[in-house]
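**Q** Quick one, upload-v4.txt (compact mmCIF, C-alpha atoms and all ligand atoms):
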```txt
# COMPACT_ATOMS: atom_id res chain seq x y z
CA MET A 1 0.00 0.00 0.00
CA VAL A 2 1.23 3.48 -0.80
CA ALA A 3 1.43 5.68 2.28
CA PRO A 4 0.89 9.44 1.96
CA VAL A 5 3.61 11.85 3.08
CA LYS A 6 3.28 12.53 6.78
CA GLU A 7 2.76 16.28 6.61
CA VAL A 8 4.11 19.47 5.09
CA PRO A 9 7.74 19.58 6.26
CA GLY A 10 8.52 21.96 9.07
CA GLU A 11 10.90 21.98 12.02
CA ASP A 12 11.02 18.18 12.15
CA TYR A 13 11.91 17.92 8.49
CA ASP A 14 12.62 14.36 7.35
CA PRO A 15 14.91 14.12 4.31
CA LEU A 16 12.98 11.11 3.04
CA VAL A 17 9.73 13.05 2.87
CA ALA A 18 9.07 15.23 -0.16
CA ARG A 19 9.84 18.84 0.59
CA HIS A 20 7.25 21.37 -0.54
CA PHE A 21 7.27 25.13 -1.20
CA LEU A 22 3.74 26.28 -0.38
CA THR A 23 4.19 29.63 1.38
CA GLY A 24 7.95 30.08 1.62
CA GLU A 25 7.91 29.45 5.35
CA GLU A 26 9.40 26.04 4.59
CA LEU A 27 12.84 27.58 4.00
CA THR A 28 15.16 28.64 6.81
CA SER A 29 16.70 32.08 6.46
CA ASP A 30 20.07 30.43 5.73
CA GLU A 31 18.55 28.32 2.96
CA LEU A 32 16.84 31.37 1.53
CA GLY A 33 20.12 33.28 1.41
CA LEU A 34 21.91 30.33 -0.22
CA LEU A 35 19.10 29.91 -2.74
CA ILE A 36 19.41 33.56 -3.82
CA GLU A 37 23.20 33.21 -4.19
CA ARG A 38 22.73 30.03 -6.24
CA ALA A 39 20.21 31.84 -8.43
CA LEU A 40 22.83 34.53 -9.12
CA GLU A 41 25.28 31.80 -10.17
CA LEU A 42 22.72 30.22 -12.45
CA LYS A 43 22.00 33.62 -14.00
CA GLU A 44 25.69 33.84 -14.92
CA ASP A 45 25.66 30.28 -16.28
CA ARG A 46 22.28 29.38 -17.75
CA ARG A 47 23.42 25.76 -18.34
CA GLY A 48 24.99 25.47 -14.90
CA SER A 49 22.62 22.85 -13.51
CA ASP A 50 21.54 19.45 -14.82
CA ALA A 51 19.63 18.61 -11.65
CA LEU A 52 16.53 17.65 -13.64
CA ASP A 53 18.35 15.44 -16.15
CA GLY A 54 15.94 12.68 -17.13
CA HIS A 55 13.14 14.05 -14.91
CA SER A 56 9.73 15.44 -15.78
CA VAL A 57 7.94 18.19 -13.86
CA ALA A 58 4.15 18.71 -13.98
CA LEU A 59 2.93 22.31 -14.09
CA VAL A 60 -0.78 22.61 -13.34
CA PHE A 61 -2.41 25.94 -14.25
CA GLU A 62 -5.99 26.53 -13.16
CA ARG A 63 -5.51 30.27 -13.80
CA PRO A 64 -3.85 32.25 -16.61
CA SER A 65 -0.11 32.95 -16.62
CA THR A 66 2.56 34.48 -18.83
CA ARG A 67 5.74 34.69 -16.74
CA THR A 68 5.25 31.75 -14.40
CA ARG A 69 4.47 29.32 -17.18
CA VAL A 70 7.29 30.40 -19.49
CA SER A 71 9.93 30.75 -16.77
CA PHE A 72 9.18 27.31 -15.33
CA GLU A 73 9.03 25.64 -18.76
CA VAL A 74 12.30 27.25 -19.87
CA GLY A 75 14.03 26.65 -16.53
CA ILE A 76 13.10 22.97 -16.38
CA THR A 77 14.29 22.50 -19.96
CA GLU A 78 17.60 24.28 -19.26
CA MET A 79 18.15 21.92 -16.31
CA GLY A 80 17.75 18.87 -18.55
CA GLY A 81 14.17 18.14 -17.56
CA HIS A 82 10.86 17.89 -19.35
CA PRO A 83 7.96 20.19 -18.37
CA ILE A 84 4.38 18.90 -18.69
CA VAL A 85 1.89 21.77 -18.66
CA MET A 86 -1.60 20.74 -17.61
CA ARG A 87 -4.90 22.58 -17.33
CA PRO A 88 -7.28 21.00 -14.80
CA ASP A 89 -10.19 21.32 -17.25
CA GLU A 90 -8.31 18.98 -19.59
CA THR A 91 -7.70 16.37 -16.88
CA GLN A 92 -9.97 13.98 -15.01
CA LEU A 93 -10.09 16.55 -12.18
CA SER A 94 -12.80 18.22 -14.27
CA ARG A 95 -14.81 14.98 -14.03
CA GLY A 96 -14.50 14.50 -10.30
CA GLU A 97 -11.12 12.81 -9.79
CA SER A 98 -9.94 13.76 -6.30
CA LEU A 99 -6.88 15.90 -5.61
CA ARG A 100 -5.63 13.03 -3.48
CA ASP A 101 -5.68 10.55 -6.38
CA PHE A 102 -4.28 13.20 -8.73
CA ALA A 103 -1.32 13.76 -6.36
CA LEU A 104 -0.69 10.06 -5.78
CA VAL A 105 -0.65 9.34 -9.52
CA LEU A 106 1.50 12.33 -10.53
CA SER A 107 4.01 11.28 -7.85
CA ARG A 108 4.58 8.04 -9.76
CA PHE A 109 5.67 9.91 -12.88
CA VAL A 110 7.26 13.27 -12.14
CA ALA A 111 10.00 14.73 -9.93
CA ALA A 112 7.97 17.76 -8.81
CA VAL A 113 4.54 19.34 -9.26
CA GLY A 114 3.86 23.08 -9.66
CA VAL A 115 0.31 24.25 -9.03
CA ARG A 116 -1.45 27.57 -9.74
CA THR A 117 -4.92 27.58 -8.22
CA ALA A 118 -7.22 29.84 -6.21
CA ALA A 119 -7.45 28.09 -2.85
CA GLN A 120 -4.40 27.50 -0.68
CA SER A 121 -6.34 24.57 0.80
CA ALA A 122 -6.40 22.84 -2.61
CA LEU A 123 -2.64 23.26 -2.90
CA ASP A 124 -2.21 21.91 0.63
CA GLU A 125 -4.35 18.90 -0.27
CA VAL A 126 -2.11 18.08 -3.24
CA ALA A 127 0.99 18.48 -1.05
CA MET A 128 -0.45 16.31 1.70
CA HIS A 129 -0.68 13.36 -0.68
CA SER A 130 2.25 13.98 -2.99
CA HIS A 131 5.47 11.99 -2.64
CA VAL A 132 7.34 14.58 -4.68
CA PRO A 133 7.84 18.31 -3.98
CA VAL A 134 4.85 20.56 -4.63
CA ILE A 135 5.49 24.19 -5.55
CA ASN A 136 3.04 27.07 -5.17
CA MET A 137 2.91 28.85 -8.54
CA LEU A 138 0.31 31.33 -7.08
CA THR A 139 -2.75 31.02 -4.93
CA ASP A 140 -5.10 33.74 -3.69
CA GLU A 141 -3.04 33.85 -0.50
CA HIS A 142 0.60 33.49 -1.56
CA HIS A 143 2.96 33.89 -4.49
CA PRO A 144 6.30 32.74 -3.04
CA CYS A 145 8.07 32.08 -6.36
CA GLN A 146 7.50 35.74 -7.22
CA ALA A 147 9.04 36.81 -3.91
CA LEU A 148 12.18 34.74 -4.65
CA ALA A 149 12.65 36.65 -7.91
CA ASP A 150 12.00 39.94 -6.10
CA LEU A 151 14.69 39.19 -3.51
CA LEU A 152 17.09 38.16 -6.27
CA THR A 153 16.48 41.50 -7.98
CA LEU A 154 17.19 43.43 -4.77
CA ARG A 155 20.31 41.33 -4.13
CA GLU A 156 21.75 41.98 -7.58
CA ARG A 157 20.96 45.72 -7.48
CA PHE A 158 22.23 46.44 -3.96
CA GLY A 159 24.78 43.65 -3.34
CA ARG A 160 22.99 42.49 -0.18
CA LEU A 161 19.56 41.91 1.31
CA ALA A 162 20.01 42.44 5.05
CA GLY A 163 19.13 45.97 6.06
CA LEU A 164 17.36 46.98 2.84
CA LYS A 165 13.97 48.67 3.01
CA LEU A 166 11.28 47.54 0.57
CA ALA A 167 8.02 49.51 0.43
CA TYR A 168 4.94 47.85 -1.09
CA VAL A 169 1.97 50.10 -1.89
CA GLY A 170 -1.50 49.00 -2.99
CA ASP A 171 -3.58 45.91 -2.30
CA GLY A 172 -2.61 43.68 0.64
CA ASN A 173 -2.81 40.59 -1.56
CA ASN A 174 -0.94 37.36 -2.29
CA VAL A 175 2.13 39.20 -3.58
CA ALA A 176 2.23 41.41 -0.46
CA HIS A 177 1.93 38.34 1.78
CA SER A 178 4.86 36.59 0.13
CA LEU A 179 7.02 39.72 0.24
CA MET A 180 6.31 39.99 3.95
CA LEU A 181 7.11 36.36 4.72
CA LEU A 182 10.19 35.94 2.56
CA GLY A 183 11.45 39.54 2.76
CA ALA A 184 11.49 39.57 6.56
CA LYS A 185 13.13 36.14 6.59
CA ALA A 186 15.89 37.51 4.32
CA GLY A 187 16.54 40.47 6.64
CA VAL A 188 14.61 43.05 4.60
CA GLU A 189 12.45 45.70 6.30
CA VAL A 190 9.14 45.35 4.46
CA ALA A 191 6.88 48.42 4.78
CA ILE A 192 3.35 47.79 3.53
CA ALA A 193 0.97 50.67 2.72
CA THR A 194 -2.62 49.69 1.96
CA PRO A 195 -6.09 51.09 2.59
CA GLU A 196 -7.44 49.85 5.95
CA GLU A 197 -9.97 47.58 4.23
CA LEU A 198 -7.34 45.94 2.00
CA ARG A 199 -4.73 45.23 4.65
CA PRO A 200 -2.77 41.96 4.47
CA GLU A 201 -3.91 39.13 6.73
CA ALA A 202 -2.89 39.84 10.34
CA MET A 203 -1.79 36.20 10.69
CA VAL A 204 0.69 36.58 7.84
CA ALA A 205 2.14 39.75 9.41
CA GLU A 206 2.52 37.88 12.67
CA LEU A 207 4.23 34.91 11.01
CA ALA A 208 6.53 37.20 9.04
CA GLY A 209 7.55 39.08 12.20
CA GLY A 210 8.11 35.78 14.02
CA SER A 211 10.44 34.35 11.39
CA ALA A 212 12.30 37.58 10.57
CA SER A 213 16.07 37.48 10.61
CA ASP A 214 18.26 40.36 11.86
CA GLY A 215 17.25 43.65 10.28
CA GLY A 216 14.10 42.13 8.81
CA GLY A 217 10.52 42.87 9.79
CA VAL A 218 7.15 44.11 8.65
CA THR A 219 5.38 47.42 9.24
CA LEU A 220 1.80 48.16 8.18
CA THR A 221 0.48 51.64 7.45
CA SER A 222 -2.23 53.28 5.38
CA ASP A 223 0.11 56.08 4.29
CA PRO A 224 2.13 55.37 1.08
CA SER A 225 4.43 58.30 1.78
CA THR A 226 5.44 56.92 5.19
CA ALA A 227 6.14 53.49 3.72
CA ALA A 228 8.17 54.93 0.83
CA ALA A 229 10.41 57.15 2.99
CA ASP A 230 14.07 56.21 2.44
CA ALA A 231 13.16 52.90 0.80
CA HIS A 232 15.60 51.07 -1.47
CA ALA A 233 12.71 49.79 -3.60
CA LEU A 234 9.07 50.68 -4.20
CA TYR A 235 6.82 47.82 -5.27
CA THR A 236 3.22 47.56 -6.42
CA ASP A 237 0.85 44.99 -7.93
CA VAL A 238 -2.47 45.06 -9.77
CA TRP A 239 -5.46 46.57 -8.00
CA VAL A 240 -7.75 43.80 -9.26
CA SER A 241 -6.24 40.36 -8.79
CA MET A 242 -7.52 37.20 -10.43
CA GLY A 243 -10.78 36.35 -8.67
CA ASP A 244 -11.45 39.95 -7.54
CA GLU A 245 -13.07 41.05 -10.81
CA GLU A 246 -16.51 41.59 -9.27
CA GLN A 247 -15.13 44.29 -6.95
CA ALA A 248 -13.10 46.00 -9.68
CA GLY A 249 -14.90 49.38 -9.49
CA PRO A 250 -14.77 49.91 -5.72
CA ARG A 251 -11.19 48.60 -5.58
CA ARG A 252 -9.99 51.10 -8.19
CA ALA A 253 -11.65 53.96 -6.28
CA THR A 254 -10.19 52.88 -2.91
CA LEU A 255 -6.70 52.32 -4.29
CA GLU A 256 -6.44 55.55 -6.30
CA PRO A 257 -4.15 57.24 -3.66
CA TYR A 258 -1.81 54.22 -3.75
CA ARG A 259 -0.40 54.61 -7.26
CA LEU A 260 3.36 54.11 -7.65
CA ASP A 261 4.21 57.38 -9.43
CA ALA A 262 7.17 59.75 -9.76
CA SER A 263 6.22 61.78 -6.69
CA LEU A 264 6.15 58.66 -4.51
CA LEU A 265 9.50 57.59 -5.94
CA GLU A 266 10.87 60.98 -4.82
CA ARG A 267 10.21 59.95 -1.22
CA ALA A 268 12.53 56.94 -1.58
CA ARG A 269 16.34 56.91 -1.68
CA PRO A 270 17.94 58.55 -4.72
CA ASP A 271 19.09 55.12 -5.94
CA ALA A 272 15.75 53.43 -5.28
CA ILE A 273 14.29 51.08 -7.87
CA ALA A 274 10.68 50.46 -8.91
CA LEU A 275 9.32 46.90 -8.90
CA HIS A 276 6.11 45.28 -10.16
CA CYS A 277 5.41 41.56 -10.44
CA LEU A 278 3.47 42.11 -13.70
CA PRO A 279 1.07 42.06 -15.49
CA ALA A 280 0.90 45.88 -15.14
CA HIS A 281 -1.82 48.40 -15.88
CA PRO A 282 0.12 51.60 -16.63
CA GLY A 283 -1.77 54.65 -15.40
CA GLU A 284 -3.58 52.57 -12.80
CA GLU A 285 -1.40 51.06 -10.04
CA ILE A 286 1.85 52.30 -11.64
CA ALA A 287 2.56 55.45 -13.67
CA GLU A 288 3.75 54.74 -17.20
CA GLU A 289 6.82 56.96 -16.69
CA VAL A 290 7.85 54.82 -13.69
CA LEU A 291 7.20 51.45 -15.32
CA TYR A 292 9.29 52.33 -18.38
CA GLY A 293 11.63 54.81 -16.67
CA ASP A 294 15.32 54.68 -15.72
CA ARG A 295 14.61 53.45 -12.22
CA SER A 296 12.42 50.57 -13.25
CA ALA A 297 13.93 47.14 -12.49
CA VAL A 298 10.73 45.42 -13.59
CA TRP A 299 12.15 43.64 -16.64
CA ASP A 300 15.13 42.24 -14.70
CA GLN A 301 12.65 41.22 -12.03
CA ALA A 302 10.57 39.31 -14.60
CA GLU A 303 13.68 37.55 -15.97
CA ASN A 304 14.73 36.67 -12.43
CA ARG A 305 11.72 34.38 -12.10
CA LEU A 306 13.70 31.94 -14.26
CA HIS A 307 16.91 31.95 -12.23
CA ALA A 308 15.25 31.91 -8.80
CA GLN A 309 12.96 29.00 -9.72
CA LYS A 310 15.86 26.98 -11.12
CA ALA A 311 17.66 27.37 -7.78
CA LEU A 312 14.44 26.36 -6.01
CA LEU A 313 13.96 23.26 -8.17
CA GLU A 314 17.57 22.28 -7.54
CA LEU A 315 17.07 22.61 -3.79
CA LEU A 316 13.82 20.64 -3.74
CA VAL A 317 14.55 17.92 -6.31
CA ALA A 318 18.29 17.21 -6.18
CA ARG A 319 18.06 15.28 -2.93
CA PRO A 320 18.42 11.65 -1.78
CA PRO A 321 15.95 9.27 -3.49
CA LEU A 322 12.47 9.73 -2.12
CA ARG A 323 10.34 6.89 -0.84
CA PRO A 324 6.96 6.76 0.87
CA VAL A 325 7.14 6.99 4.66
CA ALA A 326 4.91 4.53 6.53
N1 LIG A 401 4.02 37.63 -12.01
C1 LIG A 401 3.37 36.54 -12.46
O1 LIG A 401 3.16 35.56 -11.74
O2 LIG A 401 3.02 36.61 -13.76
P1 LIG A 401 2.07 35.56 -14.51
O3 LIG A 401 0.69 35.65 -13.89
O4 LIG A 401 2.07 36.02 -15.94
O5 LIG A 401 2.64 34.20 -14.35
N1 LIG A 402 -2.03 39.63 -7.35
C1 LIG A 402 -2.05 39.17 -8.71
C2 LIG A 402 -0.71 38.63 -9.10
C3 LIG A 402 -0.61 38.19 -10.54
C4 LIG A 402 0.75 37.64 -10.84
C5 LIG A 402 -3.14 38.12 -8.90
O1 LIG A 402 -3.29 37.28 -8.00
O2 LIG A 402 -3.83 38.15 -9.90
```
Give the structure from this file in structure tokens form.

**A**
Amino acid sequence: MVAPVKEVPGEDYDPLVARHFLTGEELTSDELGLLIERALELKEDRRGSDALDGHSVALVFERPSTRTRVSFEVGITEMGGHPIVMRPDETQLSRGESLRDFALVLSRFVAAVGVRTAAQSALDEVAMHSHVPVINMLTDEHHPCQALADLLTLRERFGRLAGLKLAYVGDGNNVAHSLMLLGAKAGVEVAIATPEELRPEAMVAELAGGSASDGGGVTLTSDPSTAAADAHALYTDVWVSMGDEEQAGPRRATLEPYRLDASLLERARPDAIALHCLPAHPGEEIAEEVLYGDRSAVWDQAENRLHAQKALLELLVARPPLRPVA
């Protein structure tokens, strides 16, 4: 009989149990730092890892994607592996197959499974039953692969992470949550400015504060100018995330004072950069002159998805042979 993995790895991590990346909390701060350094190496040497030689990786997209899909497909291929892109509506999931059976079967074929879906609970269900690493490629609550690329971008621009200040302005969404969790863990001071009604989850702020390394932490405010003061980077994301379309009108009205524009950039350090996870809506959450201006690091940030995810795959997959744990 095939036994499911015991649980999502945490403090009592067992090297024979598949290691997942569901929120980013799974990494220690040391591992996170090493992963970013490895990603820099892989950026210098695109063919520098064959960790997926002979392996396939399933990439399950229940929601649209440009960057995540292409960066994972290209990265897996560059590491000698074979990506299998799947849409749930083309699988037996659409006809009632359970996530448990889906995970158990995929585990017999592939070395890792990436999932983009709405509910974190669905991702957790796949991870609970998977014998191979499961990677969060975006849920409504978290987007940790994006945060890895964001940290890589800060690291390459400023030569370090510890002690940097990153200000995020806009909606307290999945991207904000992952910046809080992974930024604080990397020693970055993450200042979040959102309207009161769109604040990030208090539980995520608490977790981020609890796992912060030296110099790292999270502050919450409703004032973009306070958050932006002396920041090394200003960051924003769409005002209407996937799944929020029904509240598009009220969201745009509420978020109007939270645009990343030239005057907000003036509040930051003279060498500050502008970041956006993309897709962008110029003139809405970010001014066109900022998105395409000299201080935009957005295009490097998009490319860095590739390098950061290759380092992540190497960490999760290139491990001792996995076997079910009774
Ligand atoms: N930033 C990001 O995840 O982009 P996609 O939705 O295009 O994958
Ligand atoms: N917050 C956005 C991120 C897209 C990459 C969304 O969830 O739609």

**Q** Within 9 Å of range 54-59 of chain A, counting only C-alpha atoms, which residues show up once you throw out same-chain ones fewer than 2 positions away? Write them as a list in words, please.

**A**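 Contacts, in chain order: Ala51, Leu52, Phe61, Arg69, Phe72, Glu73, Ile76, Gly80, Gly81, His82, Pro83, Ile84, Val85, Met86, Arg87, Leu106, Phe109, Val110, Ala111, Ala112, Val113, Gly114, Val115, Arg116 and Met137 of chain A.
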
**Q** Can you write just those residues out, C-alpha atoms, as a JSON list (two decimals), keeping the file's coordinate frame?

**A**
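out-v8.json, written as the output of this step:
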```json
[["chain", "number", "residue", "atom", "x", "y", "z"],
["A", 51, "ALA", "CA", 19.63, 18.61, -11.65],
["A", 52, "LEU", "CA", 16.53, 17.65, -13.64],
["A", 61, "PHE", "CA", -2.41, 25.94, -14.25],
["A", 69, "ARG", "CA", 4.47, 29.32, -17.18],
["A", 72, "PHE", "CA", 9.18, 27.31, -15.33],
["A", 73, "GLU", "CA", 9.03, 25.64, -18.76],
["A", 76, "ILE", "CA", 13.10, 22.97, -16.38],
["A", 80, "GLY", "CA", 17.75, 18.87, -18.55],
["A", 81, "GLY", "CA", 14.17, 18.14, -17.56],
["A", 82, "HIS", "CA", 10.86, 17.89, -19.35],
["A", 83, "PRO", "CA", 7.96, 20.19, -18.37],
["A", 84, "ILE", "CA", 4.38, 18.90, -18.69],
["A", 85, "VAL", "CA", 1.89, 21.77, -18.66],
["A", 86, "MET", "CA", -1.60, 20.74, -17.61],
["A", 87, "ARG", "CA", -4.90, 22.58, -17.33],
["A", 106, "LEU", "CA", 1.50, 12.33, -10.53],
["A", 109, "PHE", "CA", 5.67, 9.91, -12.88],
["A", 110, "VAL", "CA", 7.26, 13.27, -12.14],
["A", 111, "ALA", "CA", 10.00, 14.73, -9.93],
["A", 112, "ALA", "CA", 7.97, 17.76, -8.81],
["A", 113, "VAL", "CA", 4.54, 19.34, -9.26],
["A", 114, "GLY", "CA", 3.86, 23.08, -9.66],
["A", 115, "VAL", "CA", 0.31, 24.25, -9.03],
["A", 116, "ARG", "CA", -1.45, 27.57, -9.74],
["A", 137, "MET", "CA", 2.91, 28.85, -8.54]]
```

**Q** In terms of the shortest atom-to-atom distance over only C-alpha atoms and all ligand atoms, which of A:Gly172, A:Pro279, A:Pro200, A:Gly24 is closest to ligand LIG 401 (chain A)?

**A**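 Of A:Gly172, A:Pro279, A:Pro200, A:Gly24, the one nearest ligand LIG 401 (chain A), counting only C-alpha atoms and all ligand atoms, is A:Pro279.
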
**Q** Using all atoms listed in the file, pick whichever of A:Arg305, A:Arg108, A:Lys310, A:His129 has the shortest atom-to-atom distance to ligand LIG 401 (chain A).

**A**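 Smallest separation from ligand LIG 401 (chain A) among the options: A:Arg305.
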
**Q** May I have a table of the residues of chain A lying at most 6 Å from ligand LIG 402 (chain A), giving each one's closest pair of atoms and their distance in Å to one decimal, counting all atoms listed in the file, ordered by chain and ascending residue number, as CSV?

**A**
```
residue,atom,partner,partner_atom,distance
A:Asp140,CA,A:LIG402,O1,5.9
A:Asn173,CA,A:LIG402,N1,5.9
A:Asn174,CA,A:LIG402,N1,5.7
A:Val175,CA,A:LIG402,N1,5.6
A:Val238,CA,A:LIG402,N1,6.0
A:Ser241,CA,A:LIG402,O2,3.5
A:Met242,CA,A:LIG402,O2,3.8
A:Leu278,CA,A:LIG402,C4,6.0
```

**Q** Write the selection just made, keeping C-alpha atoms, as an mmCIF file, in the frame of the given file?

**A**
```cif
data_model
loop_
_atom_site.group_PDB
_atom_site.id
_atom_site.type_symbol
_atom_site.label_atom_id
_atom_site.label_comp_id
_atom_site.auth_asym_id
_atom_site.auth_seq_id
_atom_site.Cartn_x
_atom_site.Cartn_y
_atom_site.Cartn_z
ATOM 1 C CA ASP A 140 -5.100 33.740 -3.690
ATOM 2 C CA ASN A 173 -2.810 40.590 -1.560
ATOM 3 C CA ASN A 174 -0.940 37.360 -2.290
ATOM 4 C CA VAL A 175 2.130 39.200 -3.580
ATOM 5 C CA VAL A 238 -2.470 45.060 -9.770
ATOM 6 C CA SER A 241 -6.240 40.360 -8.790
ATOM 7 C CA MET A 242 -7.520 37.200 -10.430
ATOM 8 C CA LEU A 278 3.470 42.110 -13.700
#
```

**Q** Can you find the residues with an atom no farther than 12 Å from (-5.6, 10.2, -5.4), counting only C-alpha atoms, and report them as a list in words?

**A** Val2, Ala3, Pro4, Gln92, Leu93, Gly96, Glu97, Ser98, Leu99, Arg100, Asp101, Phe102, Ala103, Leu104, Val105, Leu106, Ser107, Arg108, Glu125, Val126, Ala127, Met128, His129, Ser130 and His131 of chain A

**Q** So that I can check the surroundings of Gly187 in chain A, please list as a ChimeraX atom specification every protein, DNA and RNA residue that reaches within 7 Å of it, counting all atoms listed in the file and ignoring chain neighbours fewer than 5 positions away.

**A** /A:161-163,212-216

**Q** Create the file for the chosen residues now, containing C-alpha atoms and written as an mmCIF file, in the frame of the given file.

**A**
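Saved result, result07.cif, follows:
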```
data_model
loop_
_atom_site.group_PDB
_atom_site.id
_atom_site.type_symbol
_atom_site.label_atom_id
_atom_site.label_comp_id
_atom_site.auth_asym_id
_atom_site.auth_seq_id
_atom_site.Cartn_x
_atom_site.Cartn_y
_atom_site.Cartn_z
ATOM 1 C CA LEU A 161 19.560 41.910 1.310
ATOM 2 C CA ALA A 162 20.010 42.440 5.050
ATOM 3 C CA GLY A 163 19.130 45.970 6.060
ATOM 4 C CA ALA A 212 12.300 37.580 10.570
ATOM 5 C CA SER A 213 16.070 37.480 10.610
ATOM 6 C CA ASP A 214 18.260 40.360 11.860
ATOM 7 C CA GLY A 215 17.250 43.650 10.280
ATOM 8 C CA GLY A 216 14.100 42.130 8.810
#
```

**Q** Set the distance at 10 Å and use only C-alpha atoms: which residues neighbour range 222-227 of chain A once local chain neighbours fewer than 6 positions away are removed? I'd like the list as a ChimeraX atom specification.

**A** /A:165-170,190-199,234,257-260,263-268

**Q** Since the input is missing atoms, can you rebuild N, CA, C and O atoms for range 294-307 of chain A and write them as a compact mmCIF listing (two decimals), in the coordinates of the input?

**A**
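Everything below was put into out-v7.txt:
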```
# COMPACT_ATOMS: atom_id res chain seq x y z
N ASP A 294 13.95 55.09 -16.04
CA ASP A 294 15.32 54.68 -15.72
C ASP A 294 15.42 53.87 -14.43
O ASP A 294 16.36 53.10 -14.26
N ARG A 295 14.50 54.11 -13.53
CA ARG A 295 14.61 53.45 -12.22
C ARG A 295 13.78 52.18 -12.14
O ARG A 295 13.71 51.56 -11.08
N SER A 296 13.18 51.81 -13.25
CA SER A 296 12.42 50.57 -13.25
C SER A 296 13.36 49.36 -13.34
O SER A 296 14.22 49.30 -14.22
N ALA A 297 13.18 48.41 -12.42
CA ALA A 297 13.93 47.14 -12.49
C ALA A 297 12.96 46.00 -12.84
O ALA A 297 13.26 44.82 -12.62
N VAL A 298 11.83 46.37 -13.38
CA VAL A 298 10.73 45.42 -13.59
C VAL A 298 11.09 44.32 -14.59
O VAL A 298 10.70 43.16 -14.41
N TRP A 299 11.86 44.65 -15.59
CA TRP A 299 12.15 43.64 -16.64
C TRP A 299 13.21 42.66 -16.16
O TRP A 299 13.13 41.46 -16.45
N ASP A 300 14.19 43.17 -15.36
CA ASP A 300 15.13 42.24 -14.70
C ASP A 300 14.38 41.35 -13.73
O ASP A 300 14.64 40.14 -13.63
N GLN A 301 13.45 41.95 -13.02
CA GLN A 301 12.65 41.22 -12.03
C GLN A 301 11.88 40.08 -12.71
O GLN A 301 11.84 38.96 -12.20
N ALA A 302 11.31 40.35 -13.87
CA ALA A 302 10.57 39.31 -14.60
C ALA A 302 11.54 38.20 -15.02
O ALA A 302 11.25 37.01 -14.85
N GLU A 303 12.70 38.57 -15.56
CA GLU A 303 13.68 37.55 -15.97
C GLU A 303 14.11 36.71 -14.76
O GLU A 303 14.34 35.49 -14.89
N ASN A 304 14.21 37.37 -13.61
CA ASN A 304 14.73 36.67 -12.43
C ASN A 304 13.82 35.55 -11.93
O ASN A 304 14.25 34.70 -11.15
N ARG A 305 12.57 35.52 -12.41
CA ARG A 305 11.72 34.38 -12.10
C ARG A 305 12.43 33.08 -12.53
O ARG A 305 12.42 32.08 -11.82
N LEU A 306 13.02 33.11 -13.70
CA LEU A 306 13.70 31.94 -14.26
C LEU A 306 14.81 31.45 -13.34
O LEU A 306 14.85 30.27 -12.96
N HIS A 307 15.72 32.34 -12.98
CA HIS A 307 16.91 31.95 -12.23
C HIS A 307 16.55 31.51 -10.81
O HIS A 307 17.10 30.53 -10.29
```
